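Listing of query_14.cif, mmCIF, C-alpha atoms
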data_run
loop_
_atom_site.label_atom_id
_atom_site.label_comp_id
_atom_site.auth_asym_id
_atom_site.auth_seq_id
_atom_site.Cartn_x
_atom_site.Cartn_y
_atom_site.Cartn_z
CA MET A 1 -8.91 37.88 6.37
CA SER A 2 -9.01 41.68 6.68
CA GLY A 3 -10.89 42.46 3.49
CA ALA A 4 -8.64 40.47 1.16
CA ALA A 5 -10.54 38.52 -1.50
CA LEU A 6 -10.24 34.76 -1.21
CA ARG A 7 -8.85 33.36 -4.43
CA PRO A 8 -8.81 29.71 -5.57
CA GLY A 9 -5.86 27.86 -4.08
CA ALA A 10 -5.46 30.42 -1.29
CA VAL A 11 -4.07 29.10 1.96
CA LEU A 12 -6.74 29.32 4.65
CA TRP A 13 -4.52 28.09 7.47
CA GLU A 14 -0.78 27.83 7.87
CA ALA A 15 1.45 27.13 10.83
CA ASP A 16 5.24 26.94 10.69
CA GLY A 17 5.18 26.73 6.88
CA VAL A 18 2.81 23.74 6.73
CA SER A 19 -0.51 24.44 5.08
CA ALA A 20 -3.76 22.66 5.86
CA THR A 21 -3.59 21.03 2.42
CA GLU A 22 -0.13 19.63 3.10
CA LEU A 23 -1.25 18.37 6.48
CA LEU A 24 -4.28 16.67 4.93
CA ILE A 25 -2.10 15.15 2.18
CA ALA A 26 0.29 13.82 4.86
CA VAL A 27 -2.62 12.22 6.72
CA VAL A 28 -3.91 10.56 3.53
CA ILE A 29 -0.39 9.28 2.75
CA ALA A 30 -0.16 7.85 6.29
CA VAL A 31 -3.57 6.19 5.88
CA GLY A 32 -2.40 4.77 2.55
CA ILE A 33 0.72 3.32 4.16
CA ALA A 34 -1.43 1.84 6.92
CA GLY A 35 -3.62 0.37 4.16
CA ILE A 36 -0.58 -1.45 2.80
CA ILE A 37 0.23 -2.95 6.18
CA VAL A 38 -3.40 -3.87 6.94
CA PRO A 39 -4.79 -4.52 3.47
CA VAL A 40 -8.23 -3.05 4.00
CA LEU A 41 -7.65 0.14 2.01
CA PRO A 42 -5.99 0.52 -1.40
CA GLY A 43 -2.74 1.88 0.07
CA THR A 44 -0.69 2.54 -3.05
CA ILE A 45 -3.60 4.26 -4.78
CA LEU A 46 -4.24 6.48 -1.75
CA VAL A 47 -0.58 7.52 -1.57
CA LEU A 48 -0.39 8.27 -5.28
CA GLY A 49 -3.77 10.03 -5.28
CA ALA A 50 -2.76 12.26 -2.37
CA ILE A 51 0.47 13.25 -4.09
CA LEU A 52 -1.49 13.95 -7.30
CA VAL A 53 -3.83 16.26 -5.39
CA TRP A 54 -0.80 18.05 -3.94
CA ALA A 55 0.79 18.44 -7.39
CA LEU A 56 -2.48 19.82 -8.76
CA GLU A 57 -2.77 22.17 -5.79
CA ILE A 58 0.68 23.71 -6.08
CA GLY A 59 0.73 23.56 -9.88
CA THR A 60 4.50 23.98 -10.26
CA SER A 61 6.93 21.99 -12.36
CA THR A 62 8.56 20.81 -9.12
CA GLY A 63 5.22 19.41 -7.99
CA TRP A 64 4.81 17.50 -11.23
CA VAL A 65 8.38 16.16 -11.12
CA VAL A 66 7.75 14.95 -7.56
CA PHE A 67 4.48 13.34 -8.66
CA ALA A 68 6.19 11.64 -11.63
CA LEU A 69 8.97 10.28 -9.41
CA CYS A 70 6.42 9.00 -6.90
CA ALA A 71 4.37 7.41 -9.69
CA VAL A 72 7.46 5.60 -10.99
CA LEU A 73 8.39 4.41 -7.48
CA LEU A 74 4.88 3.16 -6.72
CA ALA A 75 4.35 1.56 -10.14
CA GLY A 76 7.77 -0.11 -9.91
CA GLY A 77 6.96 -1.35 -6.43
CA SER A 78 3.65 -2.73 -7.66
CA VAL A 79 5.35 -4.68 -10.43
CA VAL A 80 8.18 -5.98 -8.23
CA LYS A 81 5.77 -7.01 -5.45
CA TYR A 82 4.29 -9.59 -7.83
CA LEU A 83 7.48 -10.73 -9.57
CA VAL A 84 9.71 -11.50 -6.57
CA PRO A 85 7.19 -13.42 -4.41
CA GLY A 86 5.80 -15.15 -7.51
CA ARG A 87 9.23 -16.59 -8.29
CA ARG A 88 9.65 -17.65 -4.67
CA LEU A 89 6.26 -19.41 -4.70
CA LYS A 90 7.01 -21.15 -7.98
CA ALA A 91 10.35 -22.34 -6.63
CA SER A 92 8.67 -23.77 -3.53
CA GLY A 93 5.86 -25.34 -5.58
CA VAL A 94 2.94 -23.39 -4.10
CA PRO A 95 0.33 -22.81 -6.86
CA SER A 96 -1.61 -19.58 -7.36
CA ARG A 97 -4.81 -21.47 -6.61
CA THR A 98 -3.65 -21.83 -3.00
CA LEU A 99 -3.34 -18.06 -2.66
CA LEU A 100 -6.78 -17.59 -4.20
CA VAL A 101 -8.30 -19.92 -1.61
CA GLY A 102 -6.44 -18.00 1.09
CA ALA A 103 -7.72 -14.68 -0.27
CA GLY A 104 -11.28 -16.02 -0.39
CA LEU A 105 -11.20 -17.16 3.24
CA ALA A 106 -9.48 -13.88 4.21
CA PHE A 107 -12.42 -12.00 2.70
CA ILE A 108 -14.92 -14.15 4.59
CA GLY A 109 -12.85 -13.95 7.76
CA PHE A 110 -12.82 -10.15 7.60
CA PHE A 111 -16.59 -10.10 8.02
CA VAL A 112 -16.79 -12.95 10.52
CA ILE A 113 -14.05 -11.54 12.81
CA PRO A 114 -13.53 -7.88 11.80
CA VAL A 115 -9.94 -6.97 10.79
CA VAL A 116 -8.19 -9.90 12.57
CA GLY A 117 -10.30 -12.37 10.60
CA LEU A 118 -8.55 -11.17 7.45
CA PHE A 119 -5.26 -12.67 8.63
CA ILE A 120 -6.77 -15.74 10.28
CA GLY A 121 -8.85 -16.48 7.18
CA PHE A 122 -5.85 -16.13 4.87
CA VAL A 123 -3.64 -18.48 6.89
CA LEU A 124 -6.47 -20.98 7.33
CA GLY A 125 -7.35 -20.86 3.63
CA VAL A 126 -3.75 -21.40 2.52
CA TYR A 127 -3.30 -24.21 5.04
CA LEU A 128 -6.51 -26.00 3.99
CA ALA A 129 -5.68 -25.67 0.28
CA GLU A 130 -2.18 -27.00 0.86
CA ARG A 131 -3.42 -29.80 3.12
CA THR A 132 -5.74 -30.89 0.33
CA ARG A 133 -2.96 -30.59 -2.26
CA VAL A 134 0.08 -32.07 -0.50
CA GLY A 135 -1.27 -33.76 2.64
CA ALA A 136 -1.07 -32.98 6.34
CA ALA A 137 2.69 -33.53 6.70
CA GLN A 138 3.71 -30.95 4.08
CA ALA A 139 0.83 -28.49 4.51
CA TRP A 140 2.40 -26.32 7.22
CA PRO A 141 5.86 -25.89 5.58
CA SER A 142 4.10 -25.06 2.31
CA THR A 143 1.83 -22.58 4.14
CA MET A 144 4.88 -20.91 5.68
CA ASN A 145 6.42 -20.51 2.21
CA ALA A 146 3.22 -18.84 1.01
CA LEU A 147 3.10 -16.54 4.07
CA LYS A 148 6.75 -15.53 3.58
CA ALA A 149 6.03 -14.69 -0.05
CA VAL A 150 3.04 -12.55 0.93
CA GLY A 151 5.16 -10.86 3.61
CA VAL A 152 7.85 -10.03 1.05
CA SER A 153 5.16 -8.65 -1.25
CA ILE A 154 3.82 -6.36 1.48
CA LEU A 155 7.35 -5.28 2.40
CA ILE A 156 8.16 -4.36 -1.20
CA GLU A 157 4.97 -2.30 -1.54
CA LEU A 158 5.65 -0.66 1.83
CA VAL A 159 9.20 0.35 0.85
CA ALA A 160 7.91 1.85 -2.40
CA ALA A 161 5.25 3.83 -0.49
CA PHE A 162 7.80 5.07 2.06
CA LEU A 163 10.14 6.16 -0.73
CA ALA A 164 7.26 8.00 -2.40
CA ALA A 165 6.36 9.66 0.92
CA VAL A 166 9.97 10.77 1.45
CA THR A 167 10.07 12.09 -2.12
CA TRP A 168 6.90 14.06 -1.42
CA VAL A 169 8.33 15.50 1.82
CA VAL A 170 11.44 16.62 -0.08
CA GLY A 171 9.15 18.20 -2.67
CA VAL A 172 7.22 20.03 0.04
CA VAL A 173 10.45 21.35 1.56
CA VAL A 174 11.80 22.45 -1.84
CA THR A 175 8.60 24.27 -2.79
#

Take the structure in this file and express it as structure tokens.
Amino acid sequence: MSGAALRPGAVLWEADGVSATELLIAVVIAVGIAGIIVPVLPGTILVLGAILVWALEIGTSTGWVVFALCAVLLAGGSVVKYLVPGRRLKASGVPSRTLLVGAGLAFIGFFVIPVVGLFIGFVLGVYLAERTRVGAAQAWPSTMNALKAVGVSILIELVAAFLAAVTWVVGVVVT
């Protein structure tokens, strides 16, 4: 550092125009996206929080515009991820109670069989709830409808997070 005083917000490391802060933000965004795919971490919150930290760090109007756009994308994705699958479930006749049973067994399954138990527990919980509700013959088709709805929900949230990540990358390039 050749005698230069270190000031708040100073870049301590930089290679090819990418600062350590930007690299760390990118890693947190990637972890957030992974948290959407494997719902162990609060993915959307991690992505938005990382972009907020970046906007605070650079402190420019461009940073805040990027953050606002990302917030709108992620909030919109969060709303749509409940509306679209919810309509699909209602149309197929699968009640919310079935998903709650699936979520409860997913939680238990996560601790019984780490990570994989989350998925096994969810499918088993939905199947058992539907078997109780509609009988053995209709339980599996009803379970598949519920799984498709959950898959659509994850896909919607994932697309919103990817769009926010791309928006952030454009913001990094512009600044």

Write out as lines of an AutoDock Vina configuration file an axis-aligned box for region 112-128 of chain A: all of its atoms listed in the file, 6 Å added on each side, centre and edge lengths in Å with one decimal.
center_x = -10.0
center_y = -16.5
center_z = 7.7
size_x = 25.5
size_y = 31.0
size_z = 22.3

- Pick from A:Ala160, A:Leu147, A:Leu118, A:Leu74 nearest to Gly104 (chain A), counting all atoms listed in the file: A:Leu118

- Item | Shell around Gly171 (chain A) at 10 Å using all atoms listed in the file, local window under 6 positions removed, as number ranges by chain | A: 55, 62-67, 165

- Task: Identify all residues satisfying the PyMOL selection byres ((chain A and resi 156) around 12) in the given file; provide them as an NGL selection string.
- Result: :A and (33 or 36-37 or 44 or 73-85 or 149-155 or 157-163)

- One-decimal distance in Å that lies between CA of Tyr127 (chain A) and CA of Gly93 (chain A):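 Straight-line distance from CA of Gly93 (chain A) to CA of Tyr127 (chain A) works out to 14.1 Å.
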
- Residues within 12 Å of Leu128 (chain A), all atoms listed in the file, excluding chain neighbours under 6 positions, as a PyMOL selection string: chain A and resi 97-102+104-105+121-122+134-136+138-140+142-143

- Any idea what's packed within 10 Å of Val31 (chain A), counting only C-alpha atoms, ignoring anything in its chain fewer than 6 positions away? Could you give it as a PyMOL selection string? chain A and resi 25+37+41-43+46-47

- Note on the structure: What separates CA of Ala103 (chain A) and CA of Val116 (chain A) is a distance of 13.7 Å

- Message: Please report the interatomic distance between CA of Gly86 (chain A) and CA of Gly49 (chain A) in Å with one decimal.
- Response: 27.0 Å

- Task: Give the answer as one residue: which of A:Val27, A:Val38, A:Ala106, A:Val123 has the shortest atom-to-atom distance to Lys148 (chain A), using only C-alpha atoms?
- Result: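 Closest to Lys148 (chain A) of all the choices is A:Val123.
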
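Take the candidates A:Ile113, A:Ile120, A:Leu52, A:Ala129 and check each one against Val28 (chain A) using only C-alpha atoms; the shortest distance goes to A:Leu52.
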